[in-house]
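Containing mmCIF, C-alpha atoms: entry21.cif.
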data_input
loop_
_atom_site.label_atom_id
_atom_site.label_comp_id
_atom_site.auth_asym_id
_atom_site.auth_seq_id
_atom_site.Cartn_x
_atom_site.Cartn_y
_atom_site.Cartn_z
CA MET A 7 -14.65 80.24 -39.01
CA GLY A 8 -12.92 76.89 -39.41
CA SER A 9 -14.25 73.95 -41.37
CA PHE A 10 -13.38 70.36 -42.22
CA ILE A 11 -11.57 69.62 -45.46
CA THR A 12 -10.74 66.29 -47.10
CA LEU A 13 -7.12 65.29 -47.61
CA LYS A 14 -5.60 62.23 -49.26
CA SER A 15 -2.59 60.37 -47.89
CA SER A 16 0.17 58.86 -50.01
CA ASP A 17 -1.49 55.42 -49.75
CA GLY A 18 -4.74 56.82 -51.14
CA PHE A 19 -6.63 56.98 -47.84
CA GLU A 20 -8.90 60.01 -47.51
CA PHE A 21 -9.47 61.67 -44.15
CA LEU A 22 -10.90 64.87 -42.69
CA ALA A 23 -8.90 67.68 -41.11
CA PHE A 24 -10.26 70.74 -39.36
CA GLU A 25 -8.75 73.86 -40.94
CA GLU A 26 -8.42 77.33 -39.44
CA LYS A 27 -6.78 80.17 -41.37
CA PRO A 28 -5.54 83.50 -40.04
CA ALA A 29 -7.24 86.74 -41.04
CA GLY A 30 -4.19 87.82 -43.04
CA PRO A 31 -1.25 86.04 -44.67
CA ALA A 32 -0.07 83.05 -42.65
CA LYS A 33 3.28 83.44 -40.95
CA ALA A 34 3.70 79.64 -40.73
CA GLY A 35 1.76 76.38 -40.67
CA LEU A 36 0.83 74.24 -37.68
CA VAL A 37 -0.41 70.65 -37.47
CA LEU A 38 -2.55 70.22 -34.34
CA LEU A 39 -2.95 66.65 -33.07
CA GLN A 40 -5.96 65.68 -31.00
CA GLU A 41 -6.27 63.78 -27.74
CA ILE A 42 -8.23 60.51 -27.67
CA PHE A 43 -11.47 62.50 -27.76
CA GLY A 44 -11.44 63.39 -31.46
CA VAL A 45 -11.32 66.77 -33.16
CA ASN A 46 -13.87 67.98 -30.66
CA THR A 47 -14.93 71.44 -29.50
CA HIS A 48 -11.76 71.91 -27.46
CA ILE A 49 -9.41 71.04 -30.34
CA GLN A 50 -11.36 73.32 -32.67
CA GLU A 51 -11.04 76.13 -30.13
CA VAL A 52 -7.29 75.55 -29.91
CA ALA A 53 -7.05 75.68 -33.70
CA LYS A 54 -8.77 79.07 -33.73
CA LEU A 55 -6.58 80.35 -30.91
CA TYR A 56 -3.43 79.64 -32.92
CA ALA A 57 -4.93 80.88 -36.18
CA ASP A 58 -5.61 84.15 -34.37
CA GLN A 59 -1.86 84.27 -33.74
CA GLY A 60 -1.25 84.19 -37.48
CA TYR A 61 -0.87 80.46 -38.17
CA HIS A 62 -2.52 78.27 -40.78
CA VAL A 63 -3.72 75.30 -38.71
CA LEU A 64 -4.75 71.78 -39.71
CA ALA A 65 -6.12 69.36 -37.10
CA PRO A 66 -6.47 65.92 -38.72
CA GLU A 67 -8.86 63.25 -37.52
CA THR A 68 -6.13 60.86 -36.45
CA MET A 69 -8.71 58.17 -35.67
CA SER A 70 -10.14 58.20 -39.20
CA ARG A 71 -8.67 54.83 -40.13
CA SER A 72 -10.85 53.30 -37.43
CA LYS A 73 -13.76 55.76 -37.20
CA SER A 74 -14.40 59.18 -38.67
CA GLY A 75 -16.32 62.02 -37.04
CA VAL A 76 -15.21 61.25 -33.47
CA ASN A 77 -16.31 64.09 -31.16
CA LEU A 78 -16.25 62.98 -27.53
CA GLY A 79 -16.55 64.70 -24.20
CA TYR A 80 -14.65 63.89 -21.02
CA THR A 81 -16.82 61.46 -19.10
CA PRO A 82 -15.39 58.07 -18.06
CA GLU A 83 -17.46 56.51 -20.84
CA ASP A 84 -15.97 58.92 -23.38
CA GLY A 85 -12.49 58.09 -22.10
CA ALA A 86 -13.11 54.37 -22.54
CA ALA A 87 -14.44 54.88 -26.07
CA GLY A 88 -11.50 57.09 -27.00
CA SER A 89 -8.97 54.66 -25.54
CA ALA A 90 -10.43 51.84 -27.61
CA LEU A 91 -10.22 53.90 -30.80
CA LYS A 92 -6.65 54.91 -30.02
CA ALA A 93 -5.72 51.26 -29.46
CA ALA A 94 -7.24 50.35 -32.82
CA ILE A 95 -5.15 53.00 -34.60
CA GLU A 96 -1.97 52.10 -32.70
CA GLY A 97 -2.53 48.46 -33.63
CA LEU A 98 -2.57 49.02 -37.38
CA PRO A 99 0.51 47.58 -39.13
CA GLY A 100 3.06 50.21 -40.10
CA ARG A 101 1.33 53.02 -38.16
CA PRO A 102 -0.36 54.54 -41.24
CA VAL A 103 -1.62 57.49 -39.18
CA MET A 104 1.89 58.87 -39.69
CA LEU A 105 1.13 59.08 -43.42
CA ASP A 106 -1.89 61.23 -42.62
CA ILE A 107 0.21 63.56 -40.48
CA GLN A 108 2.84 63.82 -43.23
CA THR A 109 0.07 64.77 -45.64
CA CYS A 110 -0.92 67.65 -43.35
CA ILE A 111 2.70 68.83 -43.14
CA ASP A 112 3.00 68.78 -46.92
CA THR A 113 -0.33 70.58 -47.35
CA LEU A 114 0.81 73.39 -45.04
CA ALA A 115 4.23 73.84 -46.68
CA PRO A 116 3.08 76.73 -48.94
CA SER A 117 2.26 78.69 -45.75
CA GLY A 118 5.94 78.75 -44.73
CA LYS A 119 7.76 76.72 -42.12
CA VAL A 120 5.64 74.04 -40.46
CA GLY A 121 5.40 73.11 -36.79
CA ILE A 122 3.42 70.45 -34.98
CA PHE A 123 1.83 70.22 -31.55
CA GLY A 124 -0.52 67.93 -29.72
CA PHE A 125 -2.06 66.86 -26.44
CA CYS A 126 -1.83 63.47 -24.68
CA TRP A 127 -1.90 60.91 -27.55
CA GLY A 128 -1.41 63.86 -29.89
CA GLY A 129 1.68 64.76 -27.88
CA LEU A 130 3.09 61.28 -28.45
CA LEU A 131 2.28 61.52 -32.17
CA SER A 132 3.98 64.92 -32.28
CA TRP A 133 7.09 63.39 -30.69
CA ARG A 134 7.08 60.57 -33.24
CA SER A 135 6.54 63.08 -36.04
CA ALA A 136 9.53 65.15 -34.92
CA ALA A 137 11.70 62.05 -35.28
CA MET A 138 10.12 60.19 -38.19
CA LEU A 139 8.57 62.71 -40.59
CA ASN A 140 9.92 65.33 -42.96
CA GLY A 141 9.34 69.05 -43.25
CA LEU A 142 8.97 70.02 -39.60
CA SER A 143 10.81 72.98 -38.08
CA ALA A 144 9.48 72.70 -34.50
CA ALA A 145 7.40 70.39 -32.31
CA VAL A 146 5.58 70.94 -29.01
CA THR A 147 4.10 68.21 -26.82
CA PHE A 148 1.59 68.61 -24.00
CA TYR A 149 1.59 65.69 -21.52
CA GLY A 150 2.48 63.26 -24.27
CA GLY A 151 1.26 59.89 -23.07
CA GLY A 152 3.83 57.19 -23.81
CA MET A 153 6.66 59.57 -24.71
CA PRO A 154 8.99 58.27 -21.96
CA ASN A 155 8.54 54.78 -23.45
CA GLU A 156 9.78 56.06 -26.82
CA SER A 157 12.82 57.96 -25.63
CA GLN A 158 14.92 56.01 -28.12
CA LEU A 159 13.63 58.32 -30.87
CA THR A 160 15.83 61.19 -31.99
CA PRO A 161 14.02 64.37 -33.04
CA LYS A 162 15.07 66.10 -36.25
CA CYS A 163 13.75 69.50 -35.14
CA PRO A 164 13.64 71.51 -31.89
CA VAL A 165 11.16 70.14 -29.34
CA LEU A 166 9.38 71.77 -26.40
CA SER A 167 7.59 69.46 -23.95
CA HIS A 168 5.09 70.26 -21.19
CA PHE A 169 4.33 67.78 -18.38
CA ALA A 170 2.45 67.87 -15.07
CA ASP A 171 3.92 66.95 -11.70
CA ASP A 172 0.86 64.94 -10.59
CA ASP A 173 -0.12 63.07 -13.76
CA ALA A 174 -1.73 59.70 -13.06
CA HIS A 175 -0.93 58.61 -16.64
CA ILE A 176 2.71 59.78 -16.84
CA PRO A 177 4.73 59.24 -13.65
CA LEU A 178 7.12 62.03 -12.77
CA ASP A 179 10.08 59.66 -12.52
CA ALA A 180 9.45 58.62 -16.13
CA VAL A 181 9.39 62.28 -17.17
CA ASN A 182 12.70 62.85 -15.42
CA GLN A 183 14.22 59.82 -17.14
CA PHE A 184 13.00 61.13 -20.48
CA SER A 185 14.52 64.53 -19.72
CA SER A 186 17.86 62.92 -18.88
CA ALA A 187 17.78 60.97 -22.14
CA HIS A 188 16.98 64.11 -24.15
CA PRO A 189 18.76 67.15 -22.74
CA GLU A 190 18.22 68.86 -26.09
CA VAL A 191 14.45 68.95 -25.45
CA GLU A 192 13.21 72.09 -23.67
CA LEU A 193 11.10 70.48 -20.96
CA HIS A 194 8.89 72.14 -18.34
CA ILE A 195 6.98 70.54 -15.46
CA TYR A 196 3.87 72.28 -14.11
CA ALA A 197 1.91 71.91 -10.91
CA GLY A 198 -1.21 70.07 -11.97
CA HIS A 199 -2.71 66.94 -13.45
CA HIS A 200 -3.09 65.30 -16.84
CA GLY A 201 -5.09 67.51 -19.21
CA PHE A 202 -4.23 70.75 -17.39
CA ASN A 203 -4.45 72.73 -20.63
CA CYS A 204 -8.08 71.83 -21.41
CA ASN A 205 -10.67 74.20 -19.99
CA HIS A 206 -13.39 71.61 -20.66
CA ARG A 207 -11.92 69.19 -18.12
CA GLY A 208 -11.96 69.07 -14.35
CA SER A 209 -8.15 68.91 -14.38
CA TYR A 210 -7.87 72.33 -16.04
CA ASN A 211 -5.27 74.55 -14.39
CA GLU A 212 -5.52 78.08 -15.69
CA ALA A 213 -2.13 79.25 -14.45
CA ALA A 214 -0.31 76.23 -15.88
CA ALA A 215 -2.23 76.44 -19.15
CA ASN A 216 -1.45 80.13 -19.62
CA LEU A 217 2.25 79.64 -18.88
CA ALA A 218 2.55 76.64 -21.18
CA ARG A 219 0.71 78.52 -23.92
CA SER A 220 2.96 81.58 -23.64
CA ARG A 221 6.04 79.37 -23.85
CA THR A 222 4.57 77.59 -26.86
CA PHE A 223 3.80 80.86 -28.65
CA ALA A 224 7.38 82.03 -28.04
CA PHE A 225 8.84 78.70 -29.17
CA PHE A 226 6.90 78.68 -32.43
CA GLU A 227 7.70 82.34 -33.04
CA GLU A 228 11.41 81.61 -32.64
CA HIS A 229 11.59 78.49 -34.77
CA LEU A 230 8.91 79.14 -37.39
CA CYS A 231 8.76 82.88 -37.86
CA LEU A 232 12.17 84.46 -37.22
#

Whole structure given in structure tokens:
Amino acid sequence: MGSFITLKSSDGFEFLAFEEKPAGPAKAGLVLLQEIFGVNTHIQEVAKLYADQGYHVLAPETMSRSKSGVNLGYTPEDGAAGSALKAAIEGLPGRPVMLDIQTCIDTLAPSGKVGIFGFCWGGLLSWRSAAMLNGLSAAVTFYGGGMPNESQLTPKCPVLSHFADDDAHIPLDAVNQFSSAHPEVELHIYAGHHGFNCNHRGSYNEAAANLARSRTFAFFEEHLCL
């Protein structure tokens, strides 16, 4: 069963990360980046799912520099609260959350190659990490909000991206522009809405989630384990 551990960033800031370990030796490490709803039940379930595949997983509280212990649901009120916390983190000078993510990458290094993946805001942070941080061998983004606005970034590792064709937050024309700007990114578009992977949300699409997950497993296996 997973649990929260305390990590310290290079600037001395301490934050919590939810850790799940595989039953046997880890075949690689994975940093899992949350949506705007915190390291909630869904993110903890995802961490266990990937640990069951043999990965050592760390899911940092990326909102810690504003508020620790965030665990929201998916009501409109939760969305508003999460959006405000995200804005507070995005507004910090120098984007210090990237230091926290780098700390997780470094912590996982003894487990082998390290990958990163995330959902919505976590997808955007994963995209930034692929371009800005060190020690990553693969990155996967699920409906990364804001990614098309940061297409000027150049990833340093292979990237797989999942988007929906009817996403009110990420217009399809923006996704297509992003794809044109980054032909090196393996990009898939699914029938569905924003949050299609999360079985706690009304937008959950089981078929899309299962297909995206199988592609993600294969991608990580190829780039982290072979």

Given only C-alpha atoms, how would the per-residue table for segment 65-155 of chain A near segment 11-18 of chain A read, listing every residue at most 9 Å away with its closest atom pair and distance in Å to one decimal, sorted by chain and number, as a Markdown table?
| residue | atom | partner | partner_atom | distance |
| --- | --- | --- | --- | --- |
| A:Pro66 | CA | A:Leu13 | CA | 8.9 |
| A:Pro102 | CA | A:Asp17 | CA | 8.6 |
| A:Leu105 | CA | A:Ser15 | CA | 6.0 |
| A:Asp106 | CA | A:Ser15 | CA | 5.4 |
| A:Ile107 | CA | A:Ser15 | CA | 8.5 |
| A:Gln108 | CA | A:Ser15 | CA | 7.9 |
| A:Thr109 | CA | A:Ser15 | CA | 5.6 |
| A:Cys110 | CA | A:Leu13 | CA | 7.9 |
| A:Thr113 | CA | A:Leu13 | CA | 8.6 |

Separation of atom CA of His194 of chain A from atom CA of Met104 of chain A in Å: 26.1 Å

Expected residue set, 8 Å radius at (0.0, 72.0, -39.3), all atoms listed in the file, as a list in words: Gly35, Leu36, Val37, Leu38, His62, Val63, Leu64, Ala65, Cys110, Ile111, Leu114, Val120, Gly121 and Ile122 of chain A

Those selected residues, please, written with C-alpha atoms and delivered as an mmCIF file, keeping the file's coordinate frame.
data_model
loop_
_atom_site.group_PDB
_atom_site.id
_atom_site.type_symbol
_atom_site.label_atom_id
_atom_site.label_comp_id
_atom_site.auth_asym_id
_atom_site.auth_seq_id
_atom_site.Cartn_x
_atom_site.Cartn_y
_atom_site.Cartn_z
ATOM 1 C CA GLY A 35 1.760 76.380 -40.670
ATOM 2 C CA LEU A 36 0.830 74.240 -37.680
ATOM 3 C CA VAL A 37 -0.410 70.650 -37.470
ATOM 4 C CA LEU A 38 -2.550 70.220 -34.340
ATOM 5 C CA HIS A 62 -2.520 78.270 -40.780
ATOM 6 C CA VAL A 63 -3.720 75.300 -38.710
ATOM 7 C CA LEU A 64 -4.750 71.780 -39.710
ATOM 8 C CA ALA A 65 -6.120 69.360 -37.100
ATOM 9 C CA CYS A 110 -0.920 67.650 -43.350
ATOM 10 C CA ILE A 111 2.700 68.830 -43.140
ATOM 11 C CA LEU A 114 0.810 73.390 -45.040
ATOM 12 C CA VAL A 120 5.640 74.040 -40.460
ATOM 13 C CA GLY A 121 5.400 73.110 -36.790
ATOM 14 C CA ILE A 122 3.420 70.450 -34.980
#

Distance query Phe10 of chain A at most 10 Å, all atoms listed in the file, self and fewer than 4 positions along chain excluded, as a list in words: Phe21, Leu22, Ala23, Phe24, Glu25, Glu26, Val45, Leu64, Ala65, Pro66 and Glu67 of chain A

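Proximity to Tyr149 of chain A was assessed for A:Ser132, A:Ser117, A:Thr68, A:Gln59 counting only C-alpha atoms; the smallest distance is recorded for A:Ser132.
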
Ser220 of chain A environment, 12 Å, only C-alpha atoms, sequence neighbours closer than 4 positions dropped, as a PyMOL selection string: chain A and resi 56+59+168+203+213-216+224-227

Dump of C-alpha atoms for the selected residues, as a short mmCIF file (atom, residue, chain, number, x, y, z; two decimals), in the coordinates of the input:
data_model
loop_
_atom_site.label_atom_id
_atom_site.label_comp_id
_atom_site.auth_asym_id
_atom_site.auth_seq_id
_atom_site.Cartn_x
_atom_site.Cartn_y
_atom_site.Cartn_z
CA TYR A 56 -3.43 79.64 -32.92
CA GLN A 59 -1.86 84.27 -33.74
CA HIS A 168 5.09 70.26 -21.19
CA ASN A 203 -4.45 72.73 -20.63
CA ALA A 213 -2.13 79.25 -14.45
CA ALA A 214 -0.31 76.23 -15.88
CA ALA A 215 -2.23 76.44 -19.15
CA ASN A 216 -1.45 80.13 -19.62
CA ALA A 224 7.38 82.03 -28.04
CA PHE A 225 8.84 78.70 -29.17
CA PHE A 226 6.90 78.68 -32.43
CA GLU A 227 7.70 82.34 -33.04
#

Within 7 Å of Phe184 of chain A using all atoms listed in the file, minus same-chain residues under 3 positions, as an NGL selection string: :A and (154 or 157 or 180-181 or 187-188)

For those residues, write C-alpha atoms to a file as a CSV table (one decimal), in the coordinates of the input.
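Below is the file out39.csv, written as the result:
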chain,number,residue,atom,x,y,z
A,154,PRO,CA,9.0,58.3,-22.0
A,157,SER,CA,12.8,58.0,-25.6
A,180,ALA,CA,9.4,58.6,-16.1
A,181,VAL,CA,9.4,62.3,-17.2
A,187,ALA,CA,17.8,61.0,-22.1
A,188,HIS,CA,17.0,64.1,-24.2

Gap from atom CA of Thr147 of chain A to atom CA of Ser167 of chain A - Å, one decimal: 4.7 Å

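In terms of minimum interatomic distance to His200 of chain A, A:Ala174 ranks closest within A:Leu166, A:Ala174, A:Phe19, A:Gly152, counting all atoms listed in the file.
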
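Straight-line separation from atom CA of Phe123 of chain A to atom CA of Ser72 of chain A: 21.9 Å.
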
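Each of A:His175, A:Lys92, A:Lys73, A:Arg207 was checked against Gly150 of chain A using only C-alpha atoms; the smallest atom-to-atom distance is that of A:His175.
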
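Among the candidate residues A:Met7, A:Ala136, A:Ala170, A:Cys163, the one lying nearest to Ala53 of chain A is A:Met7, with distances computed using all atoms listed in the file.
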
Got a sec to resolve the PyMOL selection byres ((chain A and resi 231) around 9) on this structure and send the residues as an mmCIF file with C-alpha atoms, in the coordinates of the input?
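Wrote it out as out-v3.cif, contents follow:
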data_model
loop_
_atom_site.group_PDB
_atom_site.id
_atom_site.type_symbol
_atom_site.label_atom_id
_atom_site.label_comp_id
_atom_site.auth_asym_id
_atom_site.auth_seq_id
_atom_site.Cartn_x
_atom_site.Cartn_y
_atom_site.Cartn_z
ATOM 1 C CA LYS A 33 3.280 83.440 -40.950
ATOM 2 C CA ALA A 34 3.700 79.640 -40.730
ATOM 3 C CA GLY A 118 5.940 78.750 -44.730
ATOM 4 C CA LYS A 119 7.760 76.720 -42.120
ATOM 5 C CA PHE A 226 6.900 78.680 -32.430
ATOM 6 C CA GLU A 227 7.700 82.340 -33.040
ATOM 7 C CA GLU A 228 11.410 81.610 -32.640
ATOM 8 C CA HIS A 229 11.590 78.490 -34.770
ATOM 9 C CA LEU A 230 8.910 79.140 -37.390
ATOM 10 C CA LEU A 232 12.170 84.460 -37.220
#

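Nearest-residue note for Gln40 of chain A: choosing from A:Ala115, A:Ser9, A:Gly201, A:Gly97, the minimum distance belongs to A:Gly201, counting all atoms listed in the file.
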
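Comparing A:Pro161, A:Pro82, A:Gly75, A:Gly151 by their smallest distance to Met138 of chain A, the closest is A:Pro161 (using all atoms listed in the file).
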
Explicit residue set for the PyMOL selection byres ((chain A and resi 49) around 10), as an MDAnalysis selection string: chainID A and resid 24 38:41 43:48 50:55 65 77 124:125 204

Result set of the PyMOL selection byres ((chain A and resi 88-91) around 7) on the coordinates above, as a PyMOL selection string: chain A and resi 42-43+69+72+84-87+92-95

Skip Asp172 of chain A itself and residues of its chain fewer than 4 positions away, then list as a PDB file with C-alpha atoms, in the frame of the given file all residues within 8 Å of it, counting only C-alpha atoms.
ATOM      1  CA  PRO A 177       4.730  59.240 -13.650  1.00  0.00           C
ATOM      2  CA  LEU A 178       7.120  62.030 -12.770  1.00  0.00           C
ATOM      3  CA  ALA A 197       1.910  71.910 -10.910  1.00  0.00           C
ATOM      4  CA  GLY A 198      -1.210  70.070 -11.970  1.00  0.00           C
ATOM      5  CA  HIS A 199      -2.710  66.940 -13.450  1.00  0.00           C
ATOM      6  CA  HIS A 200      -3.090  65.300 -16.840  1.00  0.00           C
TER       7      HIS A 200
END

Any chance you could build segment 56-81 of chain A out to N, CA and C atoms and write it as an mmCIF file, keeping the file's coordinate frame?
data_model
loop_
_atom_site.group_PDB
_atom_site.id
_atom_site.type_symbol
_atom_site.label_atom_id
_atom_site.label_comp_id
_atom_site.auth_asym_id
_atom_site.auth_seq_id
_atom_site.Cartn_x
_atom_site.Cartn_y
_atom_site.Cartn_z
ATOM 1 N N TYR A 56 -4.715 79.514 -32.238
ATOM 2 C CA TYR A 56 -3.430 79.640 -32.920
ATOM 3 C C TYR A 56 -3.572 80.315 -34.278
ATOM 4 N N ALA A 57 -4.696 80.135 -34.933
ATOM 5 C CA ALA A 57 -4.930 80.880 -36.180
ATOM 6 C C ALA A 57 -4.993 82.371 -35.890
ATOM 7 N N ASP A 58 -5.566 82.738 -34.751
ATOM 8 C CA ASP A 58 -5.610 84.150 -34.370
ATOM 9 C C ASP A 58 -4.222 84.719 -34.116
ATOM 10 N N GLN A 59 -3.245 83.837 -33.893
ATOM 11 C CA GLN A 59 -1.860 84.270 -33.740
ATOM 12 C C GLN A 59 -1.123 84.348 -35.075
ATOM 13 N N GLY A 60 -1.836 84.047 -36.148
ATOM 14 C CA GLY A 60 -1.250 84.190 -37.480
ATOM 15 C C GLY A 60 -0.868 82.893 -38.169
ATOM 16 N N TYR A 61 -1.262 81.744 -37.597
ATOM 17 C CA TYR A 61 -0.870 80.460 -38.170
ATOM 18 C C TYR A 61 -2.001 79.824 -38.977
ATOM 19 N N HIS A 62 -1.605 79.109 -40.021
ATOM 20 C CA HIS A 62 -2.520 78.270 -40.780
ATOM 21 C C HIS A 62 -2.521 76.901 -40.114
ATOM 22 N N VAL A 63 -3.657 76.481 -39.560
ATOM 23 C CA VAL A 63 -3.720 75.300 -38.710
ATOM 24 C C VAL A 63 -4.542 74.195 -39.364
ATOM 25 N N LEU A 64 -4.010 72.971 -39.301
ATOM 26 C CA LEU A 64 -4.750 71.780 -39.710
ATOM 27 C C LEU A 64 -4.765 70.797 -38.544
ATOM 28 N N ALA A 65 -5.957 70.343 -38.170
ATOM 29 C CA ALA A 65 -6.120 69.360 -37.100
ATOM 30 C C ALA A 65 -6.751 68.099 -37.697
ATOM 31 N N PRO A 66 -5.928 67.122 -38.070
ATOM 32 C CA PRO A 66 -6.470 65.920 -38.720
ATOM 33 C C PRO A 66 -7.209 65.013 -37.765
ATOM 34 N N GLU A 67 -8.182 64.295 -38.294
ATOM 35 C CA GLU A 67 -8.860 63.250 -37.520
ATOM 36 C C GLU A 67 -7.946 62.037 -37.503
ATOM 37 N N THR A 68 -7.116 61.929 -36.489
ATOM 38 C CA THR A 68 -6.130 60.860 -36.450
ATOM 39 C C THR A 68 -6.735 59.488 -36.169
ATOM 40 N N MET A 69 -8.029 59.444 -35.871
ATOM 41 C CA MET A 69 -8.710 58.170 -35.670
ATOM 42 C C MET A 69 -9.476 57.719 -36.911
ATOM 43 N N SER A 70 -9.331 58.453 -38.010
ATOM 44 C CA SER A 70 -10.140 58.200 -39.200
ATOM 45 C C SER A 70 -10.017 56.777 -39.722
ATOM 46 N N ARG A 71 -8.858 56.172 -39.575
ATOM 47 C CA ARG A 71 -8.670 54.830 -40.130
ATOM 48 C C ARG A 71 -9.416 53.768 -39.324
ATOM 49 N N SER A 72 -9.970 54.167 -38.191
ATOM 50 C CA SER A 72 -10.850 53.300 -37.430
ATOM 51 C C SER A 72 -12.282 53.815 -37.459
ATOM 52 N N LYS A 73 -12.434 55.146 -37.215
ATOM 53 C CA LYS A 73 -13.760 55.760 -37.200
ATOM 54 C C LYS A 73 -13.622 57.247 -37.453
ATOM 55 N N SER A 74 -14.410 57.755 -38.370
ATOM 56 C CA SER A 74 -14.400 59.180 -38.670
ATOM 57 C C SER A 74 -15.479 59.901 -37.873
ATOM 58 N N GLY A 75 -15.306 61.213 -37.708
ATOM 59 C CA GLY A 75 -16.320 62.020 -37.040
ATOM 60 C C GLY A 75 -16.347 61.872 -35.531
ATOM 61 N N VAL A 76 -15.250 61.422 -34.924
ATOM 62 C CA VAL A 76 -15.210 61.250 -33.470
ATOM 63 C C VAL A 76 -15.220 62.622 -32.794
ATOM 64 N N ASN A 77 -16.170 62.821 -31.884
ATOM 65 C CA ASN A 77 -16.310 64.090 -31.160
ATOM 66 C C ASN A 77 -16.831 63.758 -29.766
ATOM 67 N N LEU A 78 -15.894 63.444 -28.866
ATOM 68 C CA LEU A 78 -16.250 62.980 -27.530
ATOM 69 C C LEU A 78 -16.088 64.064 -26.483
ATOM 70 N N GLY A 79 -16.749 63.850 -25.350
ATOM 71 C CA GLY A 79 -16.550 64.700 -24.200
ATOM 72 C C GLY A 79 -15.525 64.082 -23.269
ATOM 73 N N TYR A 80 -15.681 64.314 -21.954
ATOM 74 C CA TYR A 80 -14.650 63.890 -21.020
ATOM 75 C C TYR A 80 -15.188 63.054 -19.866
ATOM 76 N N THR A 81 -16.301 62.371 -20.106
ATOM 77 C CA THR A 81 -16.820 61.460 -19.100
ATOM 78 C C THR A 81 -15.988 60.178 -19.103
#
